[in-house]
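Source file: start-v6.pdb (PDB, C-alpha atoms)
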ATOM      1  CA  MET A   6    -162.265 107.250 126.169
ATOM      2  CA  LYS A   7    -160.396 105.273 123.508
ATOM      3  CA  ILE A   8    -158.570 107.297 120.877
ATOM      4  CA  ILE A   9    -158.170 105.543 117.525
ATOM      5  CA  ALA A  10    -155.892 106.699 114.694
ATOM      6  CA  ILE A  11    -157.024 105.896 111.147
ATOM      7  CA  TYR A  12    -154.229 105.726 108.556
ATOM      8  CA  THR A  13    -155.047 105.788 104.827
ATOM      9  CA  ARG A  14    -152.889 105.702 101.704
ATOM     10  CA  LYS A  15    -153.407 105.017  97.997
ATOM     11  CA  SER A  16    -150.360 104.032  95.951
ATOM     12  CA  LYS A  17    -151.302 105.539  92.606
ATOM     13  CA  SER A  18    -153.927 107.848  91.168
ATOM     14  CA  THR A  19    -155.817 105.120  89.319
ATOM     15  CA  ASP A  20    -159.339 103.755  89.343
ATOM     16  CA  LYS A  21    -158.069 100.449  90.731
ATOM     17  CA  GLY A  22    -158.034  99.673  94.434
ATOM     18  CA  GLU A  23    -159.946 101.257  97.271
ATOM     19  CA  SER A  24    -160.227 105.049  97.262
ATOM     20  CA  ILE A  25    -159.229 107.087 100.295
ATOM     21  CA  GLU A  26    -162.892 107.755 101.032
ATOM     22  CA  THR A  27    -163.703 104.035 100.894
ATOM     23  CA  GLN A  28    -160.805 103.177 103.219
ATOM     24  CA  ILE A  29    -161.967 105.745 105.771
ATOM     25  CA  LYS A  30    -165.578 104.520 105.568
ATOM     26  CA  LEU A  31    -164.587 100.872 106.061
ATOM     27  CA  CYS A  32    -162.341 101.731 109.012
ATOM     28  CA  GLN A  33    -165.098 103.750 110.659
ATOM     29  CA  GLU A  34    -167.627 100.945 110.146
ATOM     30  CA  TYR A  35    -165.190  98.468 111.697
ATOM     31  CA  ILE A  36    -164.704 100.747 114.726
ATOM     32  CA  GLU A  37    -168.474 100.992 115.202
ATOM     33  CA  ARG A  38    -168.829  97.183 115.117
ATOM     34  CA  ILE A  39    -165.932  96.324 117.416
ATOM     35  CA  PHE A  40    -165.927  99.132 119.976
ATOM     36  CA  ILE A  41    -169.676  99.162 120.587
ATOM     37  CA  ASN A  42    -169.763 100.063 124.273
ATOM     38  CA  GLU A  43    -166.822 102.459 124.333
ATOM     39  CA  LYS A  44    -166.623 106.175 123.861
ATOM     40  CA  ILE A  45    -164.443 106.744 120.789
ATOM     41  CA  GLU A  46    -162.470 109.641 119.364
ATOM     42  CA  THR A  47    -160.810 109.189 115.946
ATOM     43  CA  LEU A  48    -157.775 110.919 114.478
ATOM     44  CA  LEU A  49    -157.324 110.782 110.697
ATOM     45  CA  TYR A  50    -153.873 110.492 109.109
ATOM     46  CA  ASP A  51    -154.620 110.690 105.389
ATOM     47  CA  GLU A  52    -151.514 110.257 103.242
ATOM     48  CA  GLY A  53    -153.429 110.841 100.037
ATOM     49  CA  GLU A  54    -152.588 109.348  96.628
ATOM     50  CA  GLY A  55    -149.316 108.601  94.887
ATOM     51  CA  TYR A  56    -147.149 107.357  97.763
ATOM     52  CA  SER A  57    -145.710 103.848  97.860
ATOM     53  CA  GLY A  58    -145.443 101.933 101.110
ATOM     54  CA  GLY A  59    -141.649 102.153 100.938
ATOM     55  CA  ASP A  60    -141.583 105.914 100.375
ATOM     56  CA  SER A  61    -139.666 107.561 103.223
ATOM     57  CA  THR A  62    -141.315 110.925 102.452
ATOM     58  CA  ARG A  63    -144.749 109.802 103.698
ATOM     59  CA  LYS A  64    -145.461 112.843 105.858
ATOM     60  CA  LYS A  65    -148.607 111.548 107.536
ATOM     61  CA  PHE A  66    -147.008 108.206 108.325
ATOM     62  CA  ASN A  67    -144.031 109.940 109.938
ATOM     63  CA  GLU A  68    -146.454 112.141 111.875
ATOM     64  CA  LEU A  69    -148.314 108.992 112.948
ATOM     65  CA  LEU A  70    -145.082 107.506 114.327
ATOM     66  CA  ARG A  71    -144.242 110.696 116.219
ATOM     67  CA  ASP A  72    -147.696 110.792 117.785
ATOM     68  CA  ALA A  73    -147.427 107.092 118.660
ATOM     69  CA  LYS A  74    -144.225 107.788 120.609
ATOM     70  CA  ASN A  75    -146.095 110.554 122.422
ATOM     71  CA  LYS A  76    -148.959 108.114 123.098
ATOM     72  CA  LYS A  77    -151.607 110.353 121.564
ATOM     73  CA  PHE A  78    -153.839 107.379 120.714
ATOM     74  CA  ASP A  79    -154.538 103.810 121.838
ATOM     75  CA  VAL A  80    -155.099 102.019 118.533
ATOM     76  CA  ILE A  81    -153.981 102.392 114.911
ATOM     77  CA  ILE A  82    -156.386 101.063 112.315
ATOM     78  CA  CYS A  83    -155.938 100.839 108.546
ATOM     79  CA  TYR A  84    -157.930  99.171 105.802
ATOM     80  CA  ARG A  85    -155.242  96.734 104.690
ATOM     81  CA  LEU A  86    -151.857  95.601 105.963
ATOM     82  CA  ASP A  87    -149.855  96.799 102.949
ATOM     83  CA  ARG A  88    -151.204 100.342 103.374
ATOM     84  CA  ILE A  89    -148.866 100.859 106.303
ATOM     85  CA  ALA A  90    -145.807  98.619 105.683
ATOM     86  CA  ARG A  91    -144.139  97.136 102.613
ATOM     87  CA  SER A  92    -141.724  94.625 104.118
ATOM     88  CA  VAL A  93    -141.618  92.169 106.981
ATOM     89  CA  ALA A  94    -138.718  94.080 108.554
ATOM     90  CA  ASP A  95    -140.599  97.396 108.404
ATOM     91  CA  PHE A  96    -143.738  95.824 109.802
ATOM     92  CA  SER A  97    -141.850  94.074 112.588
ATOM     93  CA  ASP A  98    -140.160  97.327 113.618
ATOM     94  CA  LEU A  99    -143.507  99.139 113.546
ATOM     95  CA  ILE A 100    -145.271  96.569 115.739
ATOM     96  CA  GLU A 101    -142.408  96.555 118.242
ATOM     97  CA  GLU A 102    -142.558 100.350 118.417
ATOM     98  CA  LEU A 103    -146.329 100.305 118.925
ATOM     99  CA  ASN A 104    -146.162  97.530 121.528
ATOM    100  CA  SER A 105    -143.541  99.443 123.523
ATOM    101  CA  ASN A 106    -145.992 102.333 123.706
ATOM    102  CA  GLY A 107    -149.001 100.157 124.529
ATOM    103  CA  ILE A 108    -150.670 100.793 121.160
ATOM    104  CA  SER A 109    -152.619  98.104 119.271
ATOM    105  CA  PHE A 110    -152.706  97.779 115.493
ATOM    106  CA  VAL A 111    -155.793  96.646 113.568
ATOM    107  CA  SER A 112    -156.100  95.698 109.898
ATOM    108  CA  VAL A 113    -159.706  95.705 108.676
ATOM    109  CA  LYS A 114    -159.240  93.604 105.545
ATOM    110  CA  GLU A 115    -157.260  90.832 107.203
ATOM    111  CA  GLN A 116    -159.111  91.321 110.519
ATOM    112  CA  PHE A 117    -155.918  91.185 112.579
ATOM    113  CA  ASP A 118    -155.616  92.779 115.996
ATOM    114  CA  THR A 119    -152.201  92.962 117.684
ATOM    115  CA  SER A 120    -153.765  93.325 121.106
ATOM    116  CA  THR A 121    -153.905  89.493 121.122
ATOM    117  CA  ALA A 122    -151.007  87.009 120.776
ATOM    118  CA  MET A 123    -152.800  85.121 117.990
ATOM    119  CA  GLY A 124    -153.500  88.375 116.159
ATOM    120  CA  ARG A 125    -149.817  89.328 116.279
ATOM    121  CA  ALA A 126    -148.719  85.896 115.040
ATOM    122  CA  MET A 127    -151.193  85.839 112.149
ATOM    123  CA  MET A 128    -150.245  89.368 111.137
ATOM    124  CA  TYR A 129    -146.560  88.476 110.918
ATOM    125  CA  ILE A 130    -147.425  85.471 108.757
ATOM    126  CA  SER A 131    -149.602  87.630 106.506
ATOM    127  CA  SER A 132    -146.857  90.248 106.133
ATOM    128  CA  VAL A 133    -144.418  87.526 105.007
ATOM    129  CA  PHE A 134    -146.762  86.405 102.212
ATOM    130  CA  ALA A 135    -147.585  90.004 101.240
ATOM    131  CA  GLN A 136    -143.880  90.745 100.804
ATOM    132  CA  LEU A 137    -143.364  87.503  98.849
ATOM    133  CA  GLU A 138    -146.199  88.457  96.491
ATOM    134  CA  ARG A 139    -144.685  91.915  95.873
ATOM    135  CA  GLU A 140    -141.221  90.480  95.213
ATOM    136  CA  ILE A 141    -142.574  87.854  92.805
ATOM    137  CA  GLY A 142    -144.525  90.585  90.981
ATOM    138  CA  ALA A 143    -141.437  92.797  90.725
ATOM    139  CA  GLU A 144    -139.349  89.887  89.421
ATOM    140  CA  ARG A 145    -142.048  89.034  86.867
ATOM    141  CA  ILE A 146    -141.958  92.600  85.542
ATOM    142  CA  LYS A 147    -138.178  92.441  85.261
ATOM    143  CA  ASP A 148    -138.397  89.094  83.448
ATOM    144  CA  ASN A 149    -140.748  90.685  80.899
ATOM    145  CA  LEU A 150    -138.302  93.557  80.415
ATOM    146  CA  ARG A 151    -135.484  91.060  79.861
ATOM    147  CA  GLU A 152    -137.512  89.387  77.103
ATOM    148  CA  LEU A 153    -138.164  92.757  75.475
ATOM    149  CA  ALA A 154    -134.486  93.666  75.777
ATOM    150  CA  LYS A 155    -133.559  90.681  73.612
ATOM    151  CA  THR A 156    -135.325  92.365  70.687
ATOM    152  CA  GLY A 157    -133.842  95.831  71.278
ATOM    153  CA  ARG A 158    -137.333  97.312  70.973
ATOM    154  CA  TRP A 159    -138.458 100.780  71.990
ATOM    155  CA  LEU A 160    -141.149 100.471  74.659
ATOM    156  CA  GLY A 161    -142.878 103.762  73.985
ATOM    157  CA  GLY A 162    -143.062 107.193  75.552
ATOM    158  CA  THR A 163    -141.120 110.305  74.593
ATOM    159  CA  THR A 164    -138.259 109.357  72.300
ATOM    160  CA  PRO A 165    -134.778 110.696  73.108
ATOM    161  CA  THR A 166    -133.565 113.670  71.060
ATOM    162  CA  GLY A 167    -131.957 112.364  67.888
ATOM    163  CA  TYR A 168    -134.407 109.508  67.439
ATOM    164  CA  LYS A 169    -137.951 108.815  66.323
ATOM    165  CA  SER A 170    -140.094 105.741  66.893
ATOM    166  CA  THR A 171    -140.941 103.623  63.862
ATOM    167  CA  ASP A 172    -143.290 100.649  63.615
ATOM    168  CA  TYR A 173    -142.320  97.199  62.486
ATOM    169  CA  LYS A 174    -144.127  93.865  62.541
ATOM    170  CA  MET A 175    -143.154  90.968  64.750
ATOM    171  CA  ILE A 176    -144.432  87.480  63.935
ATOM    172  CA  LYS A 177    -145.139  85.349  66.965
ATOM    173  CA  ILE A 178    -145.773  81.641  66.367
ATOM    174  CA  ARG A 179    -147.661  79.674  68.983
ATOM    175  CA  GLU A 180    -149.182  76.208  69.297
ATOM    176  CA  VAL A 181    -152.964  76.285  69.640
ATOM    177  CA  ASP A 182    -154.207  72.711  70.140
ATOM    178  CA  GLU A 183    -153.311  69.063  70.700
ATOM    179  CA  ASN A 184    -153.202  68.464  66.929
ATOM    180  CA  ASN A 185    -150.046  70.563  66.791
ATOM    181  CA  GLU A 186    -151.690  73.201  64.624
ATOM    182  CA  ILE A 187    -150.044  76.591  64.752
ATOM    183  CA  VAL A 188    -151.089  80.129  64.015
ATOM    184  CA  LYS A 189    -148.956  83.094  63.028
ATOM    185  CA  LYS A 190    -149.842  86.104  65.102
ATOM    186  CA  ILE A 191    -148.585  89.449  63.816
ATOM    187  CA  LYS A 192    -147.868  91.983  66.494
ATOM    188  CA  LYS A 193    -146.758  95.583  65.991
ATOM    189  CA  ALA A 194    -143.635  96.766  67.805
ATOM    190  CA  HIS A 195    -141.442  99.868  67.742
ATOM    191  CA  MET A 196    -137.791 100.582  67.042
ATOM    192  CA  LEU A 197    -135.741 103.754  67.336
ATOM    193  CA  GLN A 198    -134.617 105.371  64.094
ATOM    194  CA  GLU A 199    -132.000 108.109  63.963
ATOM    195  CA  ILE A 200    -132.813 111.693  62.969
ATOM    196  CA  GLU A 201    -129.598 113.089  61.517
ATOM    197  CA  GLU A 202    -130.312 116.802  62.222
ATOM    198  CA  GLU A 203    -131.036 116.086  65.871
ATOM    199  CA  LYS A 204    -128.033 113.760  66.215
ATOM    200  CA  THR A 205    -125.838 116.655  65.076
ATOM    201  CA  VAL A 206    -127.174 118.700  67.986
ATOM    202  CA  ILE A 207    -126.378 115.856  70.401
ATOM    203  CA  LYS A 208    -122.792 115.651  69.132
ATOM    204  CA  ILE A 209    -122.307 119.407  69.615
ATOM    205  CA  ILE A 210    -123.709 119.173  73.172
ATOM    206  CA  ALA A 211    -121.350 116.327  74.065
ATOM    207  CA  GLN A 212    -118.308 118.036  72.573
ATOM    208  CA  LYS A 213    -119.051 121.390  74.249
ATOM    209  CA  TYR A 214    -119.570 119.747  77.643
ATOM    210  CA  LEU A 215    -116.117 118.146  77.407
ATOM    211  CA  GLU A 216    -114.769 121.624  76.689
ATOM    212  CA  LEU A 217    -116.817 123.642  79.206
ATOM    213  CA  LYS A 218    -117.181 120.986  81.945
ATOM    214  CA  SER A 219    -120.234 122.835  83.324
ATOM    215  CA  LEU A 220    -123.965 122.307  82.762
ATOM    216  CA  THR A 221    -124.641 125.986  83.446
ATOM    217  CA  ALA A 222    -122.087 127.075  80.846
ATOM    218  CA  LEU A 223    -123.455 124.460  78.437
ATOM    219  CA  GLU A 224    -127.002 125.749  78.935
ATOM    220  CA  THR A 225    -125.822 129.302  78.196
ATOM    221  CA  PHE A 226    -124.023 128.082  75.072
ATOM    222  CA  THR A 227    -127.122 126.343  73.693
ATOM    223  CA  ILE A 228    -129.290 129.411  74.302
ATOM    224  CA  LYS A 229    -126.795 131.806  72.680
ATOM    225  CA  ASN A 230    -126.549 129.508  69.676
ATOM    226  CA  ASN A 231    -130.330 129.089  69.336
ATOM    227  CA  MET A 232    -130.280 125.338  69.940
ATOM    228  CA  TYR A 233    -133.688 123.872  70.738
ATOM    229  CA  THR A 234    -135.166 120.621  71.970
ATOM    230  CA  LYS A 235    -137.412 118.590  69.682
ATOM    231  CA  ASN A 236    -140.328 120.417  71.363
ATOM    232  CA  GLY A 237    -138.980 123.771  70.239
ATOM    233  CA  LYS A 238    -137.793 124.882  73.693
ATOM    234  CA  PHE A 239    -134.380 125.900  74.977
ATOM    235  CA  PHE A 240    -132.373 123.142  76.647
ATOM    236  CA  SER A 241    -132.479 123.283  80.444
ATOM    237  CA  ARG A 242    -129.627 122.027  82.631
ATOM    238  CA  PHE A 243    -131.851 119.079  83.576
ATOM    239  CA  ALA A 244    -132.475 118.177  79.916
ATOM    240  CA  LEU A 245    -128.778 118.499  79.093
ATOM    241  CA  ARG A 246    -127.784 116.278  82.005
ATOM    242  CA  ASN A 247    -130.283 113.621  80.886
ATOM    243  CA  ILE A 248    -128.771 113.666  77.400
ATOM    244  CA  LEU A 249    -125.223 113.338  78.711
ATOM    245  CA  GLU A 250    -126.215 110.452  81.011
ATOM    246  CA  ASN A 251    -128.371 108.528  78.519
ATOM    247  CA  PRO A 252    -126.669 105.284  77.343
ATOM    248  CA  VAL A 253    -128.484 105.523  73.995
ATOM    249  CA  TYR A 254    -125.891 108.126  72.920
ATOM    250  CA  ALA A 255    -122.894 106.102  74.040
ATOM    251  CA  ILE A 256    -120.675 104.161  71.639
ATOM    252  CA  ASN A 257    -121.344 100.488  72.255
ATOM    253  CA  ASP A 258    -117.685  99.524  72.321
ATOM    254  CA  ILE A 259    -115.774  97.189  74.612
ATOM    255  CA  ASP A 260    -115.213  99.999  77.128
ATOM    256  CA  MET A 261    -118.984 100.335  77.594
ATOM    257  CA  TYR A 262    -119.318  96.569  77.930
ATOM    258  CA  ASN A 263    -116.683  96.505  80.671
ATOM    259  CA  TYR A 264    -118.306  99.506  82.374
ATOM    260  CA  PHE A 265    -121.679  97.763  82.552
ATOM    261  CA  MET A 266    -120.078  94.539  83.752
ATOM    262  CA  GLU A 267    -118.217  96.374  86.535
ATOM    263  CA  ASN A 268    -121.524  97.931  87.666
ATOM    264  CA  LYS A 269    -123.315  94.542  87.630
ATOM    265  CA  VAL A 270    -125.822  95.555  84.941
ATOM    266  CA  ASP A 271    -127.868  92.843  83.177
ATOM    267  CA  ILE A 272    -126.565  92.714  79.587
ATOM    268  CA  PHE A 273    -128.682  90.990  76.939
ATOM    269  CA  ALA A 274    -126.096  91.051  74.162
ATOM    270  CA  LYS A 275    -122.886  89.199  73.405
ATOM    271  CA  LYS A 276    -119.542  90.783  74.121
ATOM    272  CA  GLU A 277    -118.772  90.836  70.403
ATOM    273  CA  ASP A 278    -121.978  92.837  69.781
ATOM    274  CA  PHE A 279    -120.273  95.825  71.390
ATOM    275  CA  ASP A 280    -118.637  96.762  68.114
ATOM    276  CA  GLY A 281    -119.432 100.498  68.034
ATOM    277  CA  LYS A 282    -121.942 100.175  65.186
ATOM    278  CA  LYS A 283    -125.349 100.173  66.883
ATOM    279  CA  ALA A 284    -126.985 102.088  69.723
ATOM    280  CA  ILE A 285    -127.317 100.908  73.301
ATOM    281  CA  MET A 286    -130.820 100.447  74.698
ATOM    282  CA  ALA A 287    -131.290 100.769  78.469
ATOM    283  CA  TYR A 288    -134.440  99.375  80.095
ATOM    284  CA  ASN A 289    -135.697  99.875  83.667
ATOM    285  CA  LYS A 290    -133.500 102.971  84.077
ATOM    286  CA  THR A 291    -136.151 104.892  85.943
ATOM    287  CA  MET A 292    -139.216 104.434  88.092
ATOM    288  CA  GLN A 293    -142.140 106.411  86.683
ATOM    289  CA  ARG A 294    -144.536 107.893  89.231
ATOM    290  CA  ARG A 295    -147.722 109.608  88.180
ATOM    291  CA  HIS A 296    -147.799 113.310  89.125
ATOM    292  CA  LYS A 297    -144.395 112.928  90.789
ATOM    293  CA  ALA A 298    -140.750 113.260  89.867
ATOM    294  CA  THR A 299    -139.183 110.299  88.088
ATOM    295  CA  ILE A 300    -136.773 108.313  90.267
ATOM    296  CA  LYS A 301    -133.570 106.854  88.777
ATOM    297  CA  ASN A 302    -133.060 103.180  89.507
ATOM    298  CA  ASP A 303    -129.726 101.855  90.676
ATOM    299  CA  MET A 304    -127.568 100.621  87.779
ATOM    300  CA  LYS A 305    -127.784  97.030  89.028
ATOM    301  CA  ASP A 306    -131.505  97.205  88.119
ATOM    302  CA  TRP A 307    -130.824  98.333  84.534
ATOM    303  CA  ILE A 308    -131.189  95.989  81.581
ATOM    304  CA  ILE A 309    -128.921  96.699  78.608
ATOM    305  CA  ALA A 310    -129.425  95.561  75.021
ATOM    306  CA  ILE A 311    -128.195  96.545  71.564
ATOM    307  CA  ARG A 312    -130.610  98.254  69.182
ATOM    308  CA  ASN A 313    -131.264  95.911  66.283
ATOM    309  CA  ALA A 314    -131.953  98.476  63.593
TER     310      ALA A 314
END

Show me the file's structure as structure tokens.
Amino acid sequence: MKIIAIYTRKSKSTDKGESIETQIKLCQEYIERIFINEKIETLLYDEGEGYSGGDSTRKKFNELLRDAKNKKFDVIICYRLDRIARSVADFSDLIEELNSNGISFVSVKEQFDTSTAMGRAMMYISSVFAQLEREIGAERIKDNLRELAKTGRWLGGTTPTGYKSTDYKMIKIREVDENNEIVKKIKKAHMLQEIEEEKTVIKIIAQKYLELKSLTALETFTIKNNMYTKNGKFFSRFALRNILENPVYAINDIDMYNYFMENKVDIFAKKEDFDGKKAIMAYNKTMQRRHKATIKNDMKDWIIAIRNA
């Protein structure tokens, strides 16, 4: 009897891409076509939705690796190569681990089978291009953020305490034909505008933290003094920490400029713009994950600009 492990994963809870059910169905159909004359038992390792391929907390994937070491199955099959590995190095390590345990790996979409030398070679080549595509996509996103940073715009979402989002019109001029005719395209954008009452609260929070040097004590202080968030709730330690760590409240002076430079942050403003008069805007500070906790990006991935208004 041949025991085959099916591994499934969906990156995000969206309507795009193959659902878990579809992945399982396609893997099972592939097994029925390829292993026609063999008695088969399948084991399902369903990661579910919301996990990225580089997420070290993938419980089912880690369980899959443990069972592979214990040789509980003969073949691992998944719908697509990037469901199981997100880099060439990760994939290479995985294949070596599987080979050492006499386990084959099959990708339905690419139709690769590591039980053959040609299958292994083609899979390595495919993994190289898959990683290149991801890296180009990530760099393209960052390039777009850099362009937005030049304008100091607010990209949307919940505004930080002390600010509200206001609309303004951007005029984009583009060439439309070979006759050099142009059209003015008006596009709406958003900027942060200060709310004085809320900014007063922020100043008190910052001053009291310097005095108390404790988030717990600061939380107690805000509750005793009936200080509320813009949603009408008491400040939690988490909310207070986010305020204290948010560059939008920092004075954009030369000290902040030097701090960002020392931490290798992309700065889309001139050194002389750090004059203490306008707010700092930080882009790409976090990685948003649907239905999951937000992850803070390393500072070298931040993009810093100066708010224009």

Determine, counting all atoms listed in the file, which protein, DNA and RNA residues have an atom within 8 Å of an atom of segment 24-35 of chain A; residues of the same chain fewer than 6 positions away are not included. Present the result as an NGL selection string.
:A and (11 or 13-15 or 51 or 53-54 or 82-84 or 113)

Write the selection just made, keeping C-alpha atoms, as a CSV table (one decimal), in the coordinates of the input?
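This is the output file selection27.csv:
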chain,number,residue,atom,x,y,z
A,11,ILE,CA,-157.0,105.9,111.1
A,13,THR,CA,-155.0,105.8,104.8
A,14,ARG,CA,-152.9,105.7,101.7
A,15,LYS,CA,-153.4,105.0,98.0
A,51,ASP,CA,-154.6,110.7,105.4
A,53,GLY,CA,-153.4,110.8,100.0
A,54,GLU,CA,-152.6,109.3,96.6
A,82,ILE,CA,-156.4,101.1,112.3
A,83,CYS,CA,-155.9,100.8,108.5
A,84,TYR,CA,-157.9,99.2,105.8
A,113,VAL,CA,-159.7,95.7,108.7

Computed gap from atom CA of Lys65 of chain A to atom CA of Tyr12 of chain A is 8.2 Å

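Taking atom CA of Arg38 of chain A as the reference point, atom CA of Asn75 of chain A is found at 27.4 Å.
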
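Of the residues listed (A:Val80, A:Met261, A:Leu223, A:Met266), A:Leu223 shows the shortest atom-to-atom separation from Arg246 of chain A; distances use only C-alpha atoms.
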
Write out as a list in words which residues come within 12 Å of Lys283 of chain A when counting all atoms listed in the file, dropping same-chain ones fewer than 3 positions away.
Gly157, Leu197, Gln198, Glu199, Pro252, Val253, Tyr254, Ala255, Ile256, Asn257, Asp258, Ala274, Glu277, Asp278, Phe279, Asp280, Met286, Ala310, Ile311, Arg312, Asn313 and Ala314 of chain A

Please, could you write that set of residues out with C-alpha atoms as a CSV table (one decimal), in the frame of the given file?
chain,number,residue,atom,x,y,z
A,157,GLY,CA,-133.8,95.8,71.3
A,197,LEU,CA,-135.7,103.8,67.3
A,198,GLN,CA,-134.6,105.4,64.1
A,199,GLU,CA,-132.0,108.1,64.0
A,252,PRO,CA,-126.7,105.3,77.3
A,253,VAL,CA,-128.5,105.5,74.0
A,254,TYR,CA,-125.9,108.1,72.9
A,255,ALA,CA,-122.9,106.1,74.0
A,256,ILE,CA,-120.7,104.2,71.6
A,257,ASN,CA,-121.3,100.5,72.3
A,258,ASP,CA,-117.7,99.5,72.3
A,274,ALA,CA,-126.1,91.1,74.2
A,277,GLU,CA,-118.8,90.8,70.4
A,278,ASP,CA,-122.0,92.8,69.8
A,279,PHE,CA,-120.3,95.8,71.4
A,280,ASP,CA,-118.6,96.8,68.1
A,286,MET,CA,-130.8,100.4,74.7
A,310,ALA,CA,-129.4,95.6,75.0
A,311,ILE,CA,-128.2,96.5,71.6
A,312,ARG,CA,-130.6,98.3,69.2
A,313,ASN,CA,-131.3,95.9,66.3
A,314,ALA,CA,-132.0,98.5,63.6

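The shortest atom-to-atom distance to Glu250 of chain A, with only C-alpha atoms taken into account, belongs to A:Ile207 out of A:Gly281, A:Ile207, A:Lys229, A:Gly237.
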
Given the file shown, determine the residues that the PyMOL selection byres ((chain A and resi 6) around 7) selects; report them as an MDAnalysis selection string.
chainID A and resid 7:8 43:45

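Nearest to Met232 of chain A of all the residues A:Arg71, A:Glu203, A:Asn251, A:Asp260 is A:Glu203, counting all atoms listed in the file.
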
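Candidate residues A:Lys74, A:His195, A:Leu86, A:Leu245 were compared for distance to Val111 of chain A, and the nearest is A:Leu86, using all atoms listed in the file.
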
State, in Å with one decimal place, the distance from atom CA of Ala287 of chain A to atom CA of Lys218 of chain A.
24.9 Å

For the structure shown, which residues end up in the PyMOL selection byres ((chain A and resi 304) around 10)? Put them as a VMD selection string, please?
chain A and resid 265 268 to 271 289 to 291 301 to 303 305 to 308

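Checking A:Met196, A:Ala211, A:Ile39, A:Ala90 one by one against Gln116 of chain A, counting only C-alpha atoms, you find the shortest gap at A:Ile39.
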
Which residue out of A:Tyr214, A:Tyr50, A:Tyr168, A:Tyr288 has the minimum interatomic distance to Glu68 of chain A when all atoms listed in the file are used?
A:Tyr50

How big is the axis-aligned box around all listed atoms of segment 233-252 of chain A once 5 Å goes on each side, and where's its centre, in Å to one decimal, as AutoDock Vina command-line options?
--center_x -132.8 --center_y 115.6 --center_z 76.6 --size_x 25.1 --size_y 30.6 --size_z 23.9

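Near Lys204 of chain A, within 7 Å and counting only C-alpha atoms, sit Gly167, Ile200 and Lys208 of chain A, not including residues fewer than 4 positions from it in the same chain.
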